[in-house]
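Just upload_0.cif here, mmCIF, C-alpha atoms:
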```cif
data_target
loop_
_atom_site.label_atom_id
_atom_site.label_comp_id
_atom_site.auth_asym_id
_atom_site.auth_seq_id
_atom_site.Cartn_x
_atom_site.Cartn_y
_atom_site.Cartn_z
CA MET A 1 134.26 115.63 105.18
CA GLN A 2 130.54 115.24 104.60
CA LEU A 3 128.97 111.89 105.37
CA SER A 4 126.06 110.59 103.33
CA LYS A 5 122.84 112.14 104.63
CA GLU A 6 120.95 109.05 103.47
CA ASP A 7 123.22 106.69 105.43
CA ILE A 8 123.14 108.97 108.49
CA GLY A 9 119.35 108.92 108.30
CA ARG A 10 119.27 105.13 108.08
CA LEU A 11 121.63 104.84 111.06
CA ARG A 12 119.55 107.28 113.10
CA GLU A 13 116.45 105.23 112.35
CA LEU A 14 118.24 101.99 113.27
CA LEU A 15 119.36 103.45 116.60
CA ALA A 16 116.09 105.20 117.43
CA SER A 17 115.22 102.52 120.01
CA PRO A 18 117.50 100.53 122.37
CA ARG A 19 119.44 97.80 120.57
CA ARG A 20 121.83 95.01 121.43
CA ILE A 21 124.94 96.01 119.52
CA VAL A 22 128.24 94.23 118.93
CA THR A 23 131.26 96.10 117.61
CA VAL A 24 133.90 93.95 115.91
CA ALA A 25 137.42 94.98 114.92
CA HIS A 26 140.13 93.22 112.94
CA THR A 27 142.67 90.55 113.89
CA ASN A 28 145.75 91.92 115.67
CA PRO A 29 143.79 95.01 116.74
CA ASP A 30 145.83 98.20 116.82
CA GLY A 31 145.26 101.58 118.43
CA ASP A 32 142.77 102.65 115.77
CA ALA A 33 140.73 99.45 116.00
CA ILE A 34 140.57 99.61 119.81
CA GLY A 35 140.11 103.37 120.04
CA SER A 36 137.27 103.50 117.51
CA SER A 37 135.54 100.46 119.05
CA LEU A 38 135.67 101.79 122.61
CA ALA A 39 134.52 105.25 121.54
CA MET A 40 131.52 103.77 119.72
CA ARG A 41 130.72 101.68 122.78
CA GLU A 42 130.86 104.76 124.98
CA VAL A 43 128.59 106.95 122.88
CA LEU A 44 126.08 104.17 122.11
CA THR A 45 125.89 103.07 125.75
CA ALA A 46 125.17 106.68 126.74
CA ALA A 47 122.34 106.65 124.17
CA GLY A 48 120.72 103.66 125.87
CA HIS A 49 122.05 100.73 123.86
CA GLU A 50 123.65 97.52 125.16
CA VAL A 51 127.08 97.30 123.53
CA THR A 52 129.75 94.58 123.50
CA CYS A 53 133.18 95.17 121.92
CA ILE A 54 134.79 92.05 120.43
CA VAL A 55 138.22 91.54 118.86
CA PRO A 56 139.55 88.26 117.40
CA ASN A 57 142.77 88.16 119.45
CA LYS A 58 144.65 90.12 122.10
CA TYR A 59 145.48 93.76 121.59
CA PRO A 60 149.04 95.08 122.20
CA TYR A 61 150.09 95.38 125.85
CA PHE A 62 150.96 99.07 125.45
CA LEU A 63 147.23 99.76 125.13
CA ASP A 64 146.42 98.11 128.49
CA TRP A 65 146.02 101.54 130.14
CA MET A 66 143.18 102.69 127.88
CA PRO A 67 139.84 103.55 129.54
CA ASP A 68 137.37 100.62 129.62
CA ILE A 69 139.73 98.32 127.73
CA ALA A 70 138.92 95.57 130.23
CA GLU A 71 135.42 95.56 128.68
CA VAL A 72 136.79 94.35 125.34
CA VAL A 73 135.99 90.68 124.77
CA VAL A 74 138.90 88.79 123.17
CA TYR A 75 137.41 85.97 121.09
CA GLY A 76 140.53 83.82 121.39
CA LEU A 77 140.28 83.92 125.19
CA GLU A 78 136.49 83.92 125.63
CA PRO A 79 134.92 82.34 122.52
CA GLU A 80 131.67 81.36 124.24
CA ARG A 81 131.07 84.86 125.64
CA ALA A 82 131.80 86.40 122.24
CA ALA A 83 129.57 83.90 120.41
CA GLU A 84 126.67 84.54 122.81
CA ALA A 85 126.88 88.32 122.32
CA ILE A 86 127.02 87.94 118.53
CA ASP A 87 124.10 85.49 118.53
CA LYS A 88 121.90 87.96 120.46
CA ALA A 89 122.96 91.09 118.56
CA ASP A 90 120.44 93.23 116.69
CA VAL A 91 123.24 95.27 115.12
CA ILE A 92 126.81 94.29 114.26
CA MET A 93 129.18 97.21 113.67
CA CYS A 94 132.35 96.34 111.79
CA LEU A 95 135.09 98.84 112.54
CA ASP A 96 138.49 99.34 110.89
CA PHE A 97 138.34 96.46 108.40
CA ASN A 98 136.76 96.09 104.98
CA SER A 99 136.31 92.33 104.64
CA LEU A 100 135.05 89.63 107.00
CA SER A 101 138.15 87.59 106.13
CA ARG A 102 140.12 90.02 108.31
CA LEU A 103 138.44 88.40 111.33
CA GLU A 104 139.91 84.95 110.61
CA ALA A 105 138.37 82.40 113.05
CA LEU A 106 135.81 84.93 114.30
CA SER A 107 134.29 85.29 110.82
CA ASP A 108 132.56 81.89 111.08
CA THR A 109 130.95 82.89 114.38
CA LEU A 110 129.82 86.18 112.88
CA ALA A 111 128.29 84.35 109.91
CA GLY A 112 125.99 82.50 112.32
CA ASN A 113 123.91 85.63 112.96
CA THR A 114 122.10 86.28 109.69
CA SER A 115 119.40 88.59 111.07
CA ALA A 116 121.48 91.42 112.58
CA VAL A 117 121.87 94.64 110.63
CA ARG A 118 125.51 94.99 109.59
CA VAL A 119 127.09 98.43 109.63
CA LEU A 120 130.54 99.12 108.19
CA ILE A 121 132.63 101.98 109.60
CA ASP A 122 136.03 101.88 107.93
CA HIS A 123 138.69 103.77 105.97
CA HIS A 124 140.25 101.00 103.86
CA LEU A 125 139.94 100.67 100.10
CA SER A 126 137.61 98.25 98.26
CA PRO A 127 135.18 97.14 100.98
CA ASP A 128 133.00 94.04 100.69
CA GLU A 129 129.43 94.66 99.62
CA ARG A 130 127.95 92.52 102.39
CA PHE A 131 126.88 95.42 104.61
CA ASP A 132 123.44 96.95 105.11
CA ILE A 133 124.81 100.42 105.91
CA ALA A 134 128.35 101.38 104.91
CA PHE A 135 130.43 104.36 105.96
CA SER A 136 133.48 103.63 103.82
CA HIS A 137 135.88 106.60 103.61
CA PRO A 138 139.40 105.71 102.43
CA GLU A 139 140.21 109.41 102.25
CA MET A 140 140.06 109.62 106.05
CA SER A 141 143.27 109.10 107.99
CA SER A 142 141.80 106.69 110.55
CA THR A 143 138.61 104.91 111.53
CA SER A 144 138.74 106.85 114.80
CA PHE A 145 138.50 110.12 112.85
CA LEU A 146 135.55 108.65 110.95
CA VAL A 147 133.90 107.68 114.26
CA TYR A 148 134.56 111.21 115.57
CA THR A 149 132.84 112.61 112.47
CA LEU A 150 129.87 110.28 112.97
CA ILE A 151 129.54 111.29 116.61
CA GLU A 152 129.83 114.98 115.74
CA THR A 153 127.16 114.61 113.03
CA MET A 154 124.68 112.54 115.04
CA TYR A 155 125.13 113.73 118.62
CA GLY A 156 127.30 116.85 118.53
CA THR A 157 130.72 117.27 120.14
CA GLY A 158 129.06 117.82 123.50
CA ALA A 159 128.51 114.05 123.60
CA ILE A 160 132.28 113.46 123.68
CA SER A 161 133.56 112.89 127.21
CA ARG A 162 137.20 113.17 128.24
CA LYS A 163 137.40 109.37 128.35
CA MET A 164 136.01 109.11 124.83
CA ALA A 165 138.41 111.82 123.67
CA GLU A 166 141.35 109.74 124.90
CA MET A 167 140.07 106.71 122.98
CA LEU A 168 139.64 108.66 119.77
CA TYR A 169 143.00 110.43 120.09
CA VAL A 170 144.86 107.10 120.46
CA GLY A 171 143.30 105.88 117.21
CA MET A 172 144.02 109.09 115.31
CA MET A 173 147.59 109.31 116.61
CA THR A 174 148.63 105.70 115.98
CA ASP A 175 147.09 105.34 112.52
CA THR A 176 148.84 108.46 111.25
CA GLY A 177 152.28 107.68 112.69
CA ASN A 178 151.85 110.45 115.24
CA PHE A 179 150.41 112.72 112.53
CA SER A 180 153.18 112.22 110.00
CA TYR A 181 151.48 110.26 107.19
CA SER A 182 149.30 111.47 104.32
CA THR A 183 145.58 112.36 104.47
CA LEU A 184 146.24 114.92 107.20
CA THR A 185 143.49 117.48 106.69
CA PRO A 186 142.36 120.70 108.37
CA GLU A 187 139.26 118.80 109.53
CA LEU A 188 141.45 116.28 111.32
CA TYR A 189 143.36 118.98 113.18
CA ARG A 190 140.11 120.72 114.10
CA SER A 191 138.88 117.45 115.61
CA ILE A 192 142.10 117.16 117.62
CA ALA A 193 141.48 120.66 118.97
CA VAL A 194 138.04 119.53 120.16
CA LEU A 195 139.58 116.48 121.86
CA ALA A 196 142.23 118.68 123.50
CA GLU A 197 139.47 120.94 124.83
CA LYS A 198 138.03 117.90 126.62
CA GLY A 199 141.12 117.96 128.83
CA ILE A 200 143.14 115.03 127.51
CA ASP A 201 146.85 114.93 128.33
CA ILE A 202 148.44 114.54 124.89
CA PRO A 203 152.10 114.15 126.06
CA SER A 204 151.01 111.51 128.56
CA ILE A 205 149.06 109.56 125.92
CA HIS A 206 152.06 109.67 123.58
CA ASN A 207 154.32 108.42 126.37
CA LEU A 208 151.97 105.57 127.33
CA VAL A 209 151.74 104.32 123.75
CA TYR A 210 155.22 104.90 122.35
CA ASN A 211 157.46 104.70 125.44
CA SER A 212 156.09 101.64 127.21
CA TYR A 213 157.82 98.78 125.43
CA THR A 214 159.75 95.94 127.04
CA GLU A 215 163.53 95.50 126.97
CA GLY A 216 162.98 92.40 124.84
CA ARG A 217 161.21 94.47 122.22
CA ALA A 218 164.12 96.93 122.06
CA ARG A 219 166.60 94.08 121.62
CA LEU A 220 164.39 92.40 119.00
CA PHE A 221 164.25 95.66 117.05
CA GLY A 222 168.05 95.93 117.11
CA TYR A 223 168.36 92.33 115.96
CA ALA A 224 165.86 92.83 113.13
CA ILE A 225 167.61 95.96 111.84
CA ASN A 226 171.18 94.72 112.24
CA ARG A 227 170.83 91.06 111.29
CA LYS A 228 167.68 90.72 109.23
CA MET A 229 167.26 93.87 107.13
CA GLU A 230 167.97 93.41 103.44
CA ILE A 231 168.08 96.31 100.98
CA PHE A 232 167.92 95.71 97.25
CA HIS A 233 166.55 96.99 93.93
CA GLY A 234 169.08 99.80 93.82
CA GLY A 235 168.42 100.75 97.43
CA LYS A 236 164.71 101.42 96.84
CA VAL A 237 163.30 98.36 98.64
CA ALA A 238 163.97 97.00 102.14
CA CYS A 239 162.63 93.94 103.89
CA MET A 240 162.97 92.19 107.24
CA SER A 241 161.78 88.78 108.38
CA LEU A 242 161.40 87.12 111.75
CA LEU A 243 160.85 83.43 112.46
CA GLU A 244 158.89 82.22 115.48
CA SER A 245 162.12 80.95 117.08
CA GLU A 246 163.72 84.39 116.72
CA MET A 247 160.73 86.14 118.26
CA ARG A 248 160.62 83.67 121.18
CA ARG A 249 164.31 84.32 121.80
CA PHE A 250 163.46 87.93 122.69
CA GLY A 251 160.29 87.16 124.67
CA PHE A 252 157.98 88.42 121.93
CA ARG A 253 154.60 89.80 123.03
CA GLN A 254 151.65 90.89 120.88
CA GLY A 255 152.46 94.34 119.51
CA ASP A 256 156.26 94.11 119.85
CA SER A 257 156.79 94.32 116.09
CA GLU A 258 154.61 97.44 115.81
CA GLY A 259 156.44 100.07 113.78
CA PHE A 260 159.35 97.87 112.66
CA VAL A 261 158.25 98.00 109.03
CA ASN A 262 158.29 101.81 109.02
CA TYR A 263 161.91 102.21 110.07
CA PRO A 264 163.63 101.40 106.73
CA LEU A 265 161.68 104.27 105.16
CA THR A 266 163.89 106.63 107.17
CA ILE A 267 166.71 105.64 104.78
CA LYS A 268 166.88 108.26 102.05
CA LYS A 269 166.54 106.03 98.97
CA VAL A 270 164.12 103.44 100.34
CA ARG A 271 160.61 103.78 98.91
CA MET A 272 159.09 100.44 99.90
CA SER A 273 159.53 98.45 103.11
CA ALA A 274 158.24 94.97 103.96
CA MET A 275 158.07 92.98 107.19
CA PHE A 276 157.48 89.23 107.26
CA LEU A 277 156.42 87.67 110.58
CA ALA A 278 156.09 83.90 110.85
CA HIS A 279 153.04 82.48 112.61
CA ARG A 280 152.09 78.85 113.13
CA THR A 281 150.26 78.38 109.84
CA PHE A 282 151.17 81.41 107.73
CA ILE A 283 153.45 84.42 107.36
CA ARG A 284 151.98 87.86 107.98
CA VAL A 285 153.14 90.45 105.45
CA SER A 286 153.24 94.18 106.31
CA LEU A 287 154.04 96.71 103.60
CA ARG A 288 154.77 100.43 103.80
CA SER A 289 155.84 102.96 101.19
CA ARG A 290 156.23 106.65 100.56
CA GLY A 291 155.28 108.85 97.66
CA GLU A 292 153.47 107.26 94.73
CA VAL A 293 154.54 103.66 95.39
CA ASP A 294 151.20 101.88 95.81
CA VAL A 295 151.60 99.00 98.25
CA ASN A 296 147.85 98.43 98.29
CA LEU A 297 148.12 97.45 94.62
CA PHE A 298 151.25 95.41 95.35
CA ALA A 299 149.60 93.54 98.25
CA ARG A 300 146.49 92.73 96.22
CA LYS A 301 148.46 91.45 93.26
CA TYR A 302 151.14 89.41 95.00
CA PHE A 303 149.99 88.60 98.55
CA ASN A 304 146.17 88.38 98.38
CA GLY A 305 145.92 91.41 100.65
CA GLY A 306 145.28 95.13 100.50
CA GLY A 307 144.99 98.30 102.53
CA HIS A 308 145.99 101.85 101.66
CA ARG A 309 148.34 103.31 99.05
CA ASN A 310 151.19 103.68 101.55
CA ALA A 311 150.25 100.99 104.10
CA ALA A 312 148.98 97.52 103.29
CA GLY A 313 149.35 93.88 104.21
CA GLY A 314 148.73 90.32 103.21
CA LYS A 315 149.63 86.70 103.94
CA SER A 316 151.87 83.97 102.62
CA PHE A 317 151.30 80.26 103.12
CA VAL A 318 154.69 78.94 102.04
CA SER A 319 158.02 78.87 103.88
CA MET A 320 159.87 82.05 104.82
CA GLU A 321 162.56 81.32 102.25
CA GLU A 322 159.96 80.87 99.50
CA THR A 323 158.07 83.96 100.66
CA LEU A 324 161.17 86.15 100.49
CA GLU A 325 162.06 84.82 97.05
CA HIS A 326 158.49 85.50 95.88
CA PHE A 327 158.77 89.04 97.27
CA ARG A 328 162.03 89.73 95.42
CA ARG A 329 160.57 88.47 92.12
CA SER A 330 157.38 90.45 92.70
CA VAL A 331 159.35 93.66 93.28
CA GLU A 332 161.08 93.23 89.92
CA ASP A 333 157.76 92.52 88.22
CA PHE A 334 156.15 95.51 89.95
CA ALA A 335 159.06 97.74 88.92
CA ALA A 336 158.85 96.58 85.31
CA GLU A 337 155.22 97.73 85.29
CA GLY A 338 156.24 101.19 86.52
CA GLY A 339 155.48 100.71 90.20
CA PHE A 340 158.51 102.76 91.30
CA ARG A 341 158.35 105.38 88.61
CA THR A 342 158.25 108.94 89.93
CA PRO A 343 155.52 110.95 88.15
CA GLN A 344 156.90 113.85 86.18
CA PRO A 345 155.44 117.27 87.04
CA GLU A 346 153.08 118.65 84.44
CA THR A 347 154.31 121.61 82.45
CA GLY A 348 152.13 124.22 80.78
CA GLU A 349 152.20 124.74 77.08
#
```

Translate this structure into structure tokens?
Amino acid sequence: MQLSKEDIGRLRELLASPRRIVTVAHTNPDGDAIGSSLAMREVLTAAGHEVTCIVPNKYPYFLDWMPDIAEVVVYGLEPERAAEAIDKADVIMCLDFNSLSRLEALSDTLAGNTSAVRVLIDHHLSPDERFDIAFSHPEMSSTSFLVYTLIETMYGTGAISRKMAEMLYVGMMTDTGNFSYSTLTPELYRSIAVLAEKGIDIPSIHNLVYNSYTEGRARLFGYAINRKMEIFHGGKVACMSLLESEMRRFGFRQGDSEGFVNYPLTIKKVRMSAMFLAHRTFIRVSLRSRGEVDVNLFARKYFNGGGHRNAAGGKSFVSMEETLEHFRRSVEDFAAEGGFRTPQPETGE
């Protein structure tokens, strides 16, 4: 994938002298958000810049092992430290999100610095236009792959250390469902070969991320599948919901619901899956699909959200009961507009 030569040139010019840089990733940061942020920090620090990584809230505990993760500033835990870094920043790099609203409470703090150059590095659809330099590539499988491509273009693969390779691999692996989703390209696999040549232990990384959950998480998953999964619309749609009281019952920790929404798609007929998680003031909506079912379109239309064709999200600000009823009605409306229709193969005349 070729990046814009004009934008690369502008970024090179921006980084030609030492800068104070802040990288910011989205709320509920996942492996891609953390991996891409830490990798950017590593390469920019090596180039002589002062870099601070900030996330709005805590990352999942199964990422605690990642190199330099202790350097990530969690706004919810250290708001003054985060605000000071943002206030002093010459450059603010926004990674793995396409709208400042994804930062929730942190967005107001970010708005306070009006002089910093804002750089977008992201792979989600329909980005905001409030960026000075934008590397927006929805065709890429992860922001970490986009960061890899930027590093390769600007510094060469020799600039990638083993530590940086681990960071990038975590992001690529987690945002592709361990390389099982769409947008898997030859370029992506070539980049993985480069990371492997740096000496990373791929089985160990997989084990640390996917086999490090708590017993409570395993029991919560069983409860969600057995007691809370509902399948309807002729078996094509599945949904699960969890209230705060249910999550507390199983000792819920940030990241414990990771992957729950994907599981119903293992059922042969299911083409759309939804997960509804109750928070104090809203319900977080996660949507996944397979084939041509566009959950990005669904999320934008019915839950003021967005994302990718097969992975998107949004929010609801009514009760869980009302949210689920709205979801059921929306599915019927979406289906009536052809949202579940399987395209017919073209035939030659």

Determine, counting only C-alpha atoms, which protein, DNA and RNA residues have an atom within 12 Å of an atom of A:Glu13; residues of the same chain fewer than 6 positions away are not included. Present the result as a count of residues only. 5

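We find atom CA of A:Gly171 and atom CA of A:Thr114 to be spaced 29.8 Å apart.
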
Compile the contact shell of stretch 38-54 of chain A as a PDB file with C-alpha atoms, in the frame of the given file: residues with an atom at most 10 Å away, counting only C-alpha atoms, same-chain residues fewer than 6 positions apart removed.
```
ATOM      1  CA  LEU A  15     119.360 103.450 116.600  1.00  0.00           C
ATOM      2  CA  ALA A  16     116.090 105.200 117.430  1.00  0.00           C
ATOM      3  CA  SER A  17     115.220 102.520 120.010  1.00  0.00           C
ATOM      4  CA  PRO A  18     117.500 100.530 122.370  1.00  0.00           C
ATOM      5  CA  ARG A  19     119.440  97.800 120.570  1.00  0.00           C
ATOM      6  CA  ARG A  20     121.830  95.010 121.430  1.00  0.00           C
ATOM      7  CA  ILE A  21     124.940  96.010 119.520  1.00  0.00           C
ATOM      8  CA  VAL A  22     128.240  94.230 118.930  1.00  0.00           C
ATOM      9  CA  THR A  23     131.260  96.100 117.610  1.00  0.00           C
ATOM     10  CA  VAL A  24     133.900  93.950 115.910  1.00  0.00           C
ATOM     11  CA  ALA A  25     137.420  94.980 114.920  1.00  0.00           C
ATOM     12  CA  HIS A  26     140.130  93.220 112.940  1.00  0.00           C
ATOM     13  CA  ASP A  32     142.770 102.650 115.770  1.00  0.00           C
ATOM     14  CA  MET A  66     143.180 102.690 127.880  1.00  0.00           C
ATOM     15  CA  PRO A  67     139.840 103.550 129.540  1.00  0.00           C
ATOM     16  CA  ASP A  68     137.370 100.620 129.620  1.00  0.00           C
ATOM     17  CA  ILE A  69     139.730  98.320 127.730  1.00  0.00           C
ATOM     18  CA  GLU A  71     135.420  95.560 128.680  1.00  0.00           C
ATOM     19  CA  VAL A  72     136.790  94.350 125.340  1.00  0.00           C
ATOM     20  CA  VAL A  73     135.990  90.680 124.770  1.00  0.00           C
ATOM     21  CA  VAL A  74     138.900  88.790 123.170  1.00  0.00           C
ATOM     22  CA  TYR A  75     137.410  85.970 121.090  1.00  0.00           C
ATOM     23  CA  GLU A  78     136.490  83.920 125.630  1.00  0.00           C
ATOM     24  CA  PRO A  79     134.920  82.340 122.520  1.00  0.00           C
ATOM     25  CA  ARG A  81     131.070  84.860 125.640  1.00  0.00           C
ATOM     26  CA  ALA A  82     131.800  86.400 122.240  1.00  0.00           C
ATOM     27  CA  ALA A  83     129.570  83.900 120.410  1.00  0.00           C
ATOM     28  CA  ALA A  85     126.880  88.320 122.320  1.00  0.00           C
ATOM     29  CA  ILE A  86     127.020  87.940 118.530  1.00  0.00           C
ATOM     30  CA  ALA A  89     122.960  91.090 118.560  1.00  0.00           C
ATOM     31  CA  VAL A  91     123.240  95.270 115.120  1.00  0.00           C
ATOM     32  CA  ILE A  92     126.810  94.290 114.260  1.00  0.00           C
ATOM     33  CA  MET A  93     129.180  97.210 113.670  1.00  0.00           C
ATOM     34  CA  CYS A  94     132.350  96.340 111.790  1.00  0.00           C
ATOM     35  CA  LEU A  95     135.090  98.840 112.540  1.00  0.00           C
ATOM     36  CA  LEU A 106     135.810  84.930 114.300  1.00  0.00           C
ATOM     37  CA  SER A 144     138.740 106.850 114.800  1.00  0.00           C
ATOM     38  CA  VAL A 147     133.900 107.680 114.260  1.00  0.00           C
ATOM     39  CA  TYR A 148     134.560 111.210 115.570  1.00  0.00           C
ATOM     40  CA  LEU A 150     129.870 110.280 112.970  1.00  0.00           C
ATOM     41  CA  ILE A 151     129.540 111.290 116.610  1.00  0.00           C
ATOM     42  CA  TYR A 155     125.130 113.730 118.620  1.00  0.00           C
ATOM     43  CA  ALA A 159     128.510 114.050 123.600  1.00  0.00           C
ATOM     44  CA  ILE A 160     132.280 113.460 123.680  1.00  0.00           C
ATOM     45  CA  SER A 161     133.560 112.890 127.210  1.00  0.00           C
ATOM     46  CA  LYS A 163     137.400 109.370 128.350  1.00  0.00           C
ATOM     47  CA  MET A 164     136.010 109.110 124.830  1.00  0.00           C
ATOM     48  CA  ALA A 165     138.410 111.820 123.670  1.00  0.00           C
ATOM     49  CA  GLU A 166     141.350 109.740 124.900  1.00  0.00           C
ATOM     50  CA  MET A 167     140.070 106.710 122.980  1.00  0.00           C
ATOM     51  CA  LEU A 168     139.640 108.660 119.770  1.00  0.00           C
ATOM     52  CA  GLY A 171     143.300 105.880 117.210  1.00  0.00           C
TER      53      GLY A 171
END
```

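The closest residue to A:Asp96, picked from A:Val209, A:Val55, A:Ala238, A:Leu297 and counting only C-alpha atoms, is A:Val55.
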
For a quick check of understanding, using all atoms listed in the file, which of A:Ile205, A:Ile267, A:Ala335, A:Leu287 has the smallest distance to A:Cys239? A:Leu287

Around (154.0, 110.8, 119.2) in the file's own coordinates, what residues are found within 9 Å if you use all atoms listed in the file, given back as a VMD selection string? chain A and resid 173 to 174 177 to 179 202 to 203 205 to 207 209 to 210

List the residues selected by the PyMOL selection byres ((chain A and resi 237) around 6) in the file shown, writing them as JSON, numbers by chain. {"A": [231, 232, 233, 235, 236, 238, 270, 272, 273]}

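Atom CA of A:Gly76 is positioned 5.3 Å from atom CA of A:Asn57.
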
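With only C-alpha atoms as the atoms that count, the minimum distance from A:Ser212 to the choices A:Tyr61, A:Asn113, A:Gly9, A:Leu242 is reached by A:Tyr61.
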
Given the file shown, determine the residues that the PyMOL selection byres ((chain A and resi 313) around 12) selects; report them as an MDAnalysis selection string. chainID A and resid 102 124 261 273:277 283:289 294:312 314:316

Need to verify the contact set: A:Thr149, 10 Å, only C-alpha atoms, exclusion of same-chain residues closer than 4 positions in sequence. Can you return it as an NGL selection string? :A and (1-3 or 143-145 or 153-157 or 187-188 or 191)

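Pairwise distance (atom CA of A:Gly234, atom CA of A:Leu324) equals 17.1 Å.
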
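Distances from A:Arg190, A:Arg10, A:Arg249, A:Arg328 to A:Val117 were compared using only C-alpha atoms, and the smallest one belongs to A:Arg10.
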
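With all atoms listed in the file as the atoms that count, the minimum distance from A:Gly216 to the choices A:Glu244, A:Glu139, A:Asp256, A:Asp108 is reached by A:Asp256.
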
Complete stretch 78-84 of chain A with all heavy atoms (output as an mmCIF file, keeping the file's coordinate frame).
```cif
data_model
loop_
_atom_site.group_PDB
_atom_site.id
_atom_site.type_symbol
_atom_site.label_atom_id
_atom_site.label_comp_id
_atom_site.auth_asym_id
_atom_site.auth_seq_id
_atom_site.Cartn_x
_atom_site.Cartn_y
_atom_site.Cartn_z
ATOM 1 N N GLU A 78 137.850 84.162 125.156
ATOM 2 C CA GLU A 78 136.490 83.920 125.630
ATOM 3 C C GLU A 78 135.544 83.673 124.453
ATOM 4 O O GLU A 78 134.625 84.456 124.189
ATOM 5 C CB GLU A 78 135.983 85.128 126.435
ATOM 6 C CG GLU A 78 136.802 85.461 127.670
ATOM 7 C CD GLU A 78 136.251 86.665 128.412
ATOM 8 O OE1 GLU A 78 136.569 87.798 128.003
ATOM 9 O OE2 GLU A 78 135.487 86.464 129.373
ATOM 10 N N PRO A 79 135.732 82.578 123.721
ATOM 11 C CA PRO A 79 134.920 82.340 122.520
ATOM 12 C C PRO A 79 133.425 82.186 122.808
ATOM 13 O O PRO A 79 132.595 82.637 122.015
ATOM 14 C CB PRO A 79 135.513 81.052 121.939
ATOM 15 C CG PRO A 79 136.216 80.395 123.085
ATOM 16 C CD PRO A 79 136.727 81.513 123.931
ATOM 17 N N GLU A 80 133.084 81.564 123.931
ATOM 18 C CA GLU A 80 131.670 81.360 124.240
ATOM 19 C C GLU A 80 130.971 82.680 124.553
ATOM 20 O O GLU A 80 129.836 82.924 124.113
ATOM 21 C CB GLU A 80 131.521 80.389 125.416
ATOM 22 C CG GLU A 80 131.981 78.973 125.085
ATOM 23 C CD GLU A 80 131.807 78.026 126.258
ATOM 24 O OE1 GLU A 80 131.362 78.465 127.332
ATOM 25 O OE2 GLU A 80 132.128 76.829 126.084
ATOM 26 N N ARG A 81 131.640 83.547 125.316
ATOM 27 C CA ARG A 81 131.070 84.860 125.640
ATOM 28 C C ARG A 81 130.885 85.682 124.376
ATOM 29 O O ARG A 81 129.851 86.336 124.188
ATOM 30 C CB ARG A 81 131.962 85.586 126.634
ATOM 31 C CG ARG A 81 131.432 86.941 127.076
ATOM 32 C CD ARG A 81 132.409 87.628 128.025
ATOM 33 N NE ARG A 81 132.021 89.003 128.303
ATOM 34 C CZ ARG A 81 132.803 89.888 128.908
ATOM 35 N NH1 ARG A 81 134.026 89.543 129.309
ATOM 36 N NH2 ARG A 81 132.379 91.121 129.122
ATOM 37 N N ALA A 82 131.882 85.651 123.488
ATOM 38 C CA ALA A 82 131.800 86.400 122.240
ATOM 39 C C ALA A 82 130.678 85.850 121.360
ATOM 40 O O ALA A 82 129.874 86.612 120.797
ATOM 41 C CB ALA A 82 133.125 86.344 121.495
ATOM 42 N N ALA A 83 130.586 84.532 121.249
ATOM 43 C CA ALA A 83 129.570 83.900 120.410
ATOM 44 C C ALA A 83 128.163 84.222 120.914
ATOM 45 O O ALA A 83 127.243 84.469 120.119
ATOM 46 C CB ALA A 83 129.782 82.398 120.366
ATOM 47 N N GLU A 84 127.983 84.236 122.236
ATOM 48 C CA GLU A 84 126.670 84.540 122.810
ATOM 49 C C GLU A 84 126.258 85.981 122.489
ATOM 50 O O GLU A 84 125.107 86.242 122.123
ATOM 51 C CB GLU A 84 126.697 84.333 124.320
ATOM 52 C CG GLU A 84 125.358 84.604 124.992
ATOM 53 C CD GLU A 84 125.393 84.403 126.496
ATOM 54 O OE1 GLU A 84 126.495 84.140 127.049
ATOM 55 O OE2 GLU A 84 124.323 84.531 127.129
#
```
